[in-house]
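**Student:** Take this structure first; my questions come after.
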Amino acid sequence: MRVPLELTFRDVRKTSALEAVVHNEAAKLERICPYLTSCSVSIERPHRHEQSGSPYRVRVYVRVPPGHELVARRESGEGDLHENLETVVRRAFRGLERQLREITEKQRGEVKIHEMQETTAVVEQLFTEQGFGFLRTVGGRQIYFHRNSVLYDDFDRLEVGTGVRFVESVGEEGPQASTVKVVDKPGKRAAGGQQEGL
């Protein structure tokens, strides 16, 4: 995953096989929504005295710009108390996949419908290795953006001066750009896959 995966175990033995399942499932989420800004998974065995056995609980949490937080939870007690832990993990991820597909499909529709709400800007500063930068709007405001907010995996196409359109959202540290779209300029992705002037 491009986004660091936070994986927490509580009263559950951490194994490389289980870690591999989680990383695999998280990678599927990123294929559905390449601009996730965080993904955390907690796997625990809660203490329940009223039941025989200790069911597993798996919680998957992701953040999707411009401010959506999605959570899926699955317990082995929701069906078979003796369901194996890998199955519980996969079922939790399936629940989150459904939510993620819904939100990304809705966002695609919103981008098409609400293009007038987008703001035009240029890339003013770019920190490629750290994966973020700052835009300067037509109105002169500086806005932060992260590589995960750049649509169509276009972060690597950016350079200082590149024109973009974006939707503004409120992040933890103030305004930030989400759904950043590169505005094609001469020499970039010209017809026939060749740069203009060649």
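In the structure tokens, chains take the letters A, B, ... in the order shown, each chain's residues start at 1, and ligands count up from 1 in the order shown.
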Identify all residues of region 24-111 of chain A in helix (DSSP H, G or I) (DSSP on the backbone) and supply them as a PyMOL selection string.

**Tutor:** chain A and resi 24-32+85-111

**Student:** Put those residues in a file: N, CA and C atoms, as a short mmCIF file (atom, residue, chain, number, x, y, z; two decimals), in the first residue's frame.

**Tutor:**
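Saved the output as selection01.cif:
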data_model
loop_
_atom_site.label_atom_id
_atom_site.label_comp_id
_atom_site.auth_asym_id
_atom_site.auth_seq_id
_atom_site.Cartn_x
_atom_site.Cartn_y
_atom_site.Cartn_z
N ASN A 24 -2.76 -8.01 2.08
CA ASN A 24 -3.42 -8.38 0.82
C ASN A 24 -4.78 -7.71 0.69
N GLU A 25 -5.58 -7.81 1.76
CA GLU A 25 -6.92 -7.24 1.74
C GLU A 25 -6.87 -5.71 1.66
N ALA A 26 -5.90 -5.11 2.35
CA ALA A 26 -5.76 -3.65 2.33
C ALA A 26 -5.38 -3.17 0.93
N ALA A 27 -4.56 -3.95 0.24
CA ALA A 27 -4.17 -3.59 -1.13
C ALA A 27 -5.39 -3.60 -2.05
N LYS A 28 -6.34 -4.50 -1.81
CA LYS A 28 -7.58 -4.52 -2.61
C LYS A 28 -8.37 -3.23 -2.41
N LEU A 29 -8.40 -2.74 -1.16
CA LEU A 29 -9.10 -1.48 -0.88
C LEU A 29 -8.48 -0.34 -1.68
N GLU A 30 -7.15 -0.32 -1.73
CA GLU A 30 -6.46 0.75 -2.43
C GLU A 30 -6.70 0.68 -3.94
N ARG A 31 -6.93 -0.53 -4.45
CA ARG A 31 -7.25 -0.64 -5.88
C ARG A 31 -8.63 -0.06 -6.16
N ILE A 32 -9.55 -0.21 -5.22
CA ILE A 32 -10.89 0.36 -5.38
C ILE A 32 -10.82 1.88 -5.27
N LEU A 85 -9.80 -17.03 12.39
CA LEU A 85 -9.49 -15.60 12.42
C LEU A 85 -9.29 -15.02 11.02
N GLU A 86 -8.65 -15.75 10.12
CA GLU A 86 -8.44 -15.23 8.76
C GLU A 86 -9.78 -14.98 8.06
N THR A 87 -10.76 -15.85 8.31
CA THR A 87 -12.10 -15.67 7.72
C THR A 87 -12.76 -14.41 8.27
N VAL A 88 -12.60 -14.18 9.57
CA VAL A 88 -13.18 -12.99 10.20
C VAL A 88 -12.55 -11.73 9.58
N VAL A 89 -11.23 -11.76 9.38
CA VAL A 89 -10.53 -10.63 8.78
C VAL A 89 -11.07 -10.37 7.37
N ARG A 90 -11.16 -11.42 6.57
CA ARG A 90 -11.64 -11.25 5.18
C ARG A 90 -13.07 -10.72 5.14
N ARG A 91 -13.92 -11.19 6.04
CA ARG A 91 -15.31 -10.73 6.05
C ARG A 91 -15.42 -9.27 6.48
N ALA A 92 -14.55 -8.84 7.39
CA ALA A 92 -14.54 -7.42 7.78
C ALA A 92 -14.16 -6.57 6.58
N PHE A 93 -13.14 -7.00 5.85
CA PHE A 93 -12.71 -6.25 4.66
C PHE A 93 -13.79 -6.25 3.58
N ARG A 94 -14.53 -7.37 3.42
CA ARG A 94 -15.62 -7.39 2.42
C ARG A 94 -16.66 -6.32 2.75
N GLY A 95 -16.96 -6.17 4.05
CA GLY A 95 -17.93 -5.15 4.46
C GLY A 95 -17.45 -3.76 4.13
N LEU A 96 -16.15 -3.51 4.32
CA LEU A 96 -15.61 -2.19 4.02
C LEU A 96 -15.52 -1.96 2.51
N GLU A 97 -15.22 -3.02 1.76
CA GLU A 97 -15.16 -2.90 0.30
C GLU A 97 -16.48 -2.38 -0.26
N ARG A 98 -17.59 -2.94 0.25
CA ARG A 98 -18.92 -2.51 -0.23
C ARG A 98 -19.12 -1.02 0.01
N GLN A 99 -18.78 -0.57 1.23
CA GLN A 99 -18.92 0.86 1.56
C GLN A 99 -18.04 1.72 0.65
N LEU A 100 -16.81 1.24 0.44
CA LEU A 100 -15.84 2.00 -0.35
C LEU A 100 -16.28 2.12 -1.81
N ARG A 101 -16.82 1.04 -2.36
CA ARG A 101 -17.32 1.08 -3.74
C ARG A 101 -18.45 2.11 -3.87
N GLU A 102 -19.35 2.10 -2.89
CA GLU A 102 -20.48 3.04 -2.91
C GLU A 102 -19.99 4.49 -2.91
N ILE A 103 -19.04 4.78 -2.01
CA ILE A 103 -18.60 6.17 -1.88
C ILE A 103 -17.79 6.62 -3.09
N THR A 104 -16.95 5.73 -3.65
CA THR A 104 -16.16 6.13 -4.81
C THR A 104 -17.05 6.31 -6.04
N GLU A 105 -18.06 5.45 -6.19
CA GLU A 105 -19.00 5.62 -7.31
C GLU A 105 -19.76 6.92 -7.17
N LYS A 106 -20.17 7.22 -5.95
CA LYS A 106 -20.89 8.47 -5.70
C LYS A 106 -19.99 9.67 -6.00
N GLN A 107 -18.72 9.59 -5.57
CA GLN A 107 -17.78 10.69 -5.80
C GLN A 107 -17.55 10.91 -7.29
N ARG A 108 -17.43 9.82 -8.04
CA ARG A 108 -17.23 9.98 -9.50
C ARG A 108 -18.40 10.74 -10.10
N GLY A 109 -19.60 10.40 -9.67
CA GLY A 109 -20.79 11.10 -10.15
C GLY A 109 -20.80 12.55 -9.72
N GLU A 110 -20.40 12.80 -8.46
CA GLU A 110 -20.39 14.18 -7.95
C GLU A 110 -19.38 15.04 -8.69
N VAL A 111 -18.23 14.45 -9.05
CA VAL A 111 -17.21 15.23 -9.76
C VAL A 111 -17.77 15.67 -11.10
#

**Student:** Write out as a ChimeraX atom specification the residues lying within 6 Å of region 125-135 of chain A, counting only C-alpha atoms and excluding same-chain residues fewer than 2 positions away.

**Tutor:** /A:122-123,142-147

**Student:** Store the residues of this selection in a file with all heavy atoms, as a PDB file, in the first residue's frame.

**Tutor:**
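Here's the written file again_34.pdb:
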ATOM      1  N   VAL A 122      -2.690  26.590  -9.397  1.00  0.00           N
ATOM      2  CA  VAL A 122      -1.437  26.056  -9.956  1.00  0.00           C
ATOM      3  C   VAL A 122      -0.615  25.481  -8.814  1.00  0.00           C
ATOM      4  O   VAL A 122      -0.743  25.905  -7.665  1.00  0.00           O
ATOM      5  CB  VAL A 122      -0.601  27.123 -10.714  1.00  0.00           C
ATOM      6  CG1 VAL A 122      -1.322  27.611 -11.946  1.00  0.00           C
ATOM      7  CG2 VAL A 122      -0.220  28.265  -9.801  1.00  0.00           C
ATOM      8  N   VAL A 123       0.219  24.513  -9.142  1.00  0.00           N
ATOM      9  CA  VAL A 123       1.113  23.940  -8.140  1.00  0.00           C
ATOM     10  C   VAL A 123       2.188  24.977  -7.843  1.00  0.00           C
ATOM     11  O   VAL A 123       2.892  25.438  -8.735  1.00  0.00           O
ATOM     12  CB  VAL A 123       1.760  22.636  -8.655  1.00  0.00           C
ATOM     13  CG1 VAL A 123       2.765  22.100  -7.647  1.00  0.00           C
ATOM     14  CG2 VAL A 123       0.687  21.597  -8.962  1.00  0.00           C
ATOM     15  N   GLN A 142      -3.114  29.900  -0.470  1.00  0.00           N
ATOM     16  CA  GLN A 142      -2.268  28.714  -0.549  1.00  0.00           C
ATOM     17  C   GLN A 142      -3.016  27.550   0.096  1.00  0.00           C
ATOM     18  O   GLN A 142      -3.519  27.659   1.211  1.00  0.00           O
ATOM     19  CB  GLN A 142      -0.931  28.950   0.169  1.00  0.00           C
ATOM     20  CG  GLN A 142       0.058  27.828  -0.065  1.00  0.00           C
ATOM     21  CD  GLN A 142       1.380  28.067   0.619  1.00  0.00           C
ATOM     22  OE1 GLN A 142       1.437  28.157   1.849  1.00  0.00           O
ATOM     23  NE2 GLN A 142       2.464  28.162  -0.150  1.00  0.00           N
ATOM     24  N   ILE A 143      -3.080  26.408  -0.610  1.00  0.00           N
ATOM     25  CA  ILE A 143      -3.825  25.242  -0.135  1.00  0.00           C
ATOM     26  C   ILE A 143      -2.929  24.002  -0.180  1.00  0.00           C
ATOM     27  O   ILE A 143      -2.285  23.723  -1.185  1.00  0.00           O
ATOM     28  CB  ILE A 143      -5.067  24.965  -1.029  1.00  0.00           C
ATOM     29  CG1 ILE A 143      -5.960  26.202  -1.123  1.00  0.00           C
ATOM     30  CG2 ILE A 143      -5.849  23.753  -0.539  1.00  0.00           C
ATOM     31  CD1 ILE A 143      -6.819  26.470   0.073  1.00  0.00           C
ATOM     32  N   TYR A 144      -2.915  23.265   0.921  1.00  0.00           N
ATOM     33  CA  TYR A 144      -2.151  22.012   1.024  1.00  0.00           C
ATOM     34  C   TYR A 144      -2.841  20.903   0.238  1.00  0.00           C
ATOM     35  O   TYR A 144      -4.065  20.851   0.159  1.00  0.00           O
ATOM     36  CB  TYR A 144      -2.054  21.622   2.506  1.00  0.00           C
ATOM     37  CG  TYR A 144      -1.599  20.203   2.753  1.00  0.00           C
ATOM     38  CD1 TYR A 144      -0.237  19.886   2.822  1.00  0.00           C
ATOM     39  CD2 TYR A 144      -2.522  19.171   2.914  1.00  0.00           C
ATOM     40  CE1 TYR A 144       0.188  18.584   3.057  1.00  0.00           C
ATOM     41  CE2 TYR A 144      -2.104  17.865   3.138  1.00  0.00           C
ATOM     42  CZ  TYR A 144      -0.755  17.581   3.206  1.00  0.00           C
ATOM     43  OH  TYR A 144      -0.338  16.294   3.427  1.00  0.00           O
ATOM     44  N   PHE A 145      -2.061  19.990  -0.348  1.00  0.00           N
ATOM     45  CA  PHE A 145      -2.636  18.776  -0.921  1.00  0.00           C
ATOM     46  C   PHE A 145      -1.672  17.609  -0.721  1.00  0.00           C
ATOM     47  O   PHE A 145      -0.469  17.793  -0.582  1.00  0.00           O
ATOM     48  CB  PHE A 145      -2.967  18.944  -2.413  1.00  0.00           C
ATOM     49  CG  PHE A 145      -1.764  18.963  -3.322  1.00  0.00           C
ATOM     50  CD1 PHE A 145      -1.340  17.826  -3.988  1.00  0.00           C
ATOM     51  CD2 PHE A 145      -1.036  20.139  -3.504  1.00  0.00           C
ATOM     52  CE1 PHE A 145      -0.226  17.845  -4.815  1.00  0.00           C
ATOM     53  CE2 PHE A 145       0.074  20.173  -4.330  1.00  0.00           C
ATOM     54  CZ  PHE A 145       0.484  19.022  -4.992  1.00  0.00           C
ATOM     55  N   HIS A 146      -2.224  16.398  -0.678  1.00  0.00           N
ATOM     56  CA  HIS A 146      -1.451  15.172  -0.501  1.00  0.00           C
ATOM     57  C   HIS A 146      -1.521  14.369  -1.785  1.00  0.00           C
ATOM     58  O   HIS A 146      -2.496  14.484  -2.535  1.00  0.00           O
ATOM     59  CB  HIS A 146      -2.035  14.348   0.662  1.00  0.00           C
ATOM     60  CG  HIS A 146      -1.194  13.179   1.039  1.00  0.00           C
ATOM     61  ND1 HIS A 146      -1.325  11.937   0.454  1.00  0.00           N
ATOM     62  CD2 HIS A 146      -0.185  13.061   1.948  1.00  0.00           C
ATOM     63  CE1 HIS A 146      -0.445  11.107   0.977  1.00  0.00           C
ATOM     64  NE2 HIS A 146       0.256  11.759   1.893  1.00  0.00           N
ATOM     65  N   ARG A 147      -0.521  13.542  -2.042  1.00  0.00           N
ATOM     66  CA  ARG A 147      -0.497  12.768  -3.289  1.00  0.00           C
ATOM     67  C   ARG A 147      -1.739  11.901  -3.439  1.00  0.00           C
ATOM     68  O   ARG A 147      -2.198  11.647  -4.542  1.00  0.00           O
ATOM     69  CB  ARG A 147       0.776  11.929  -3.403  1.00  0.00           C
ATOM     70  CG  ARG A 147       0.831  10.660  -2.586  1.00  0.00           C
ATOM     71  CD  ARG A 147       2.088   9.817  -2.911  1.00  0.00           C
ATOM     72  NE  ARG A 147       2.119   9.434  -4.296  1.00  0.00           N
ATOM     73  CZ  ARG A 147       3.192   9.528  -5.084  1.00  0.00           C
ATOM     74  NH1 ARG A 147       4.323   9.989  -4.602  1.00  0.00           N
ATOM     75  NH2 ARG A 147       3.137   9.151  -6.341  1.00  0.00           N
TER      76      ARG A 147
END

**Student:** Need the shell around Glu44 (chain A): protein/DNA/RNA residues with any atom at most 9 Å away, counting only C-alpha atoms. Skip same-chain ones fewer than 3 positions apart. Format as a short mmCIF file (atom, residue, chain, number, x, y, z; two decimals) with N, CA, C and O atoms, in the first residue's frame?

**Tutor:**
data_model
loop_
_atom_site.label_atom_id
_atom_site.label_comp_id
_atom_site.auth_asym_id
_atom_site.auth_seq_id
_atom_site.Cartn_x
_atom_site.Cartn_y
_atom_site.Cartn_z
N THR A 8 -2.96 -3.35 14.51
CA THR A 8 -2.87 -3.52 15.95
C THR A 8 -3.42 -4.89 16.35
O THR A 8 -4.49 -5.28 15.87
N PHE A 9 -2.70 -5.59 17.23
CA PHE A 9 -3.15 -6.87 17.77
C PHE A 9 -3.38 -6.72 19.26
O PHE A 9 -2.52 -6.18 19.96
N ARG A 10 -4.51 -7.22 19.77
CA ARG A 10 -4.77 -7.20 21.22
C ARG A 10 -5.20 -8.60 21.65
O ARG A 10 -6.25 -9.09 21.21
N ASP A 11 -4.40 -9.22 22.47
CA ASP A 11 -4.66 -10.59 22.96
C ASP A 11 -4.79 -11.60 21.82
O ASP A 11 -5.54 -12.57 21.91
N VAL A 12 -4.11 -11.31 20.73
CA VAL A 12 -4.09 -12.22 19.58
C VAL A 12 -2.63 -12.36 19.17
O VAL A 12 -1.91 -11.36 19.07
N PRO A 55 -14.60 -15.04 21.07
CA PRO A 55 -14.65 -14.72 19.65
C PRO A 55 -13.66 -13.61 19.30
O PRO A 55 -13.29 -12.81 20.15
N TYR A 56 -13.26 -13.61 18.06
CA TYR A 56 -12.38 -12.56 17.57
C TYR A 56 -13.20 -11.36 17.12
O TYR A 56 -14.34 -11.50 16.68
N ARG A 57 -12.59 -10.20 17.20
CA ARG A 57 -13.22 -8.98 16.67
C ARG A 57 -12.20 -8.28 15.78
O ARG A 57 -11.06 -8.07 16.17
N VAL A 58 -12.65 -7.94 14.56
CA VAL A 58 -11.78 -7.26 13.62
C VAL A 58 -12.45 -5.95 13.22
O VAL A 58 -13.64 -5.93 12.89
N ARG A 59 -11.69 -4.87 13.27
CA ARG A 59 -12.22 -3.55 12.90
C ARG A 59 -11.30 -2.96 11.83
O ARG A 59 -10.09 -2.92 12.01
#

**Student:** Show me, as a list in words, the residues that have an atom within 10 Å of Thr119 (chain A) when counting only C-alpha atoms, minus same-chain residues fewer than 3 positions from it.

**Tutor:** Glu115, Met116, Thr137, Val138, Gly139, Val164, Arg165, Phe166, Val167, Glu168, Ala177 and Val180 of chain A

**Student:** Now that the selection is made, can you save its residues with C-alpha atoms as a PDB file, in the first residue's frame?

**Tutor:**
ATOM      1  CA  GLU A 115     -17.562  20.672 -11.657  1.00  0.00           C
ATOM      2  CA  MET A 116     -18.622  24.301 -11.122  1.00  0.00           C
ATOM      3  CA  THR A 137      -5.509  29.539  -6.098  1.00  0.00           C
ATOM      4  CA  VAL A 138      -6.582  32.186  -8.594  1.00  0.00           C
ATOM      5  CA  GLY A 139      -7.668  34.211  -5.549  1.00  0.00           C
ATOM      6  CA  VAL A 164      -5.103  21.898 -11.617  1.00  0.00           C
ATOM      7  CA  ARG A 165      -8.729  21.953 -10.559  1.00  0.00           C
ATOM      8  CA  PHE A 166      -9.683  20.830  -7.061  1.00  0.00           C
ATOM      9  CA  VAL A 167     -12.432  20.679  -4.478  1.00  0.00           C
ATOM     10  CA  GLU A 168     -11.584  22.229  -1.108  1.00  0.00           C
ATOM     11  CA  ALA A 177      -7.370  20.225  -1.590  1.00  0.00           C
ATOM     12  CA  VAL A 180      -7.130  17.298  -7.459  1.00  0.00           C
TER      13      VAL A 180
END

**Student:** Using the chain letters and numbers from this document, which residues of region 134-172 of chain A does DSSP assign to strand (DSSP E), as a ChimeraX atom specification?

**Tutor:** /A:134-137,142-146,163-171

**Student:** Could you list, as a list in words, every residue within 6 Å of Ser149 (chain A), counting only C-alpha atoms and ignoring same-chain residues fewer than 5 positions away?

**Tutor:**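 Close residues of Ser149 (chain A): Tyr35, Ser178, Thr179 and Val180 of chain A.
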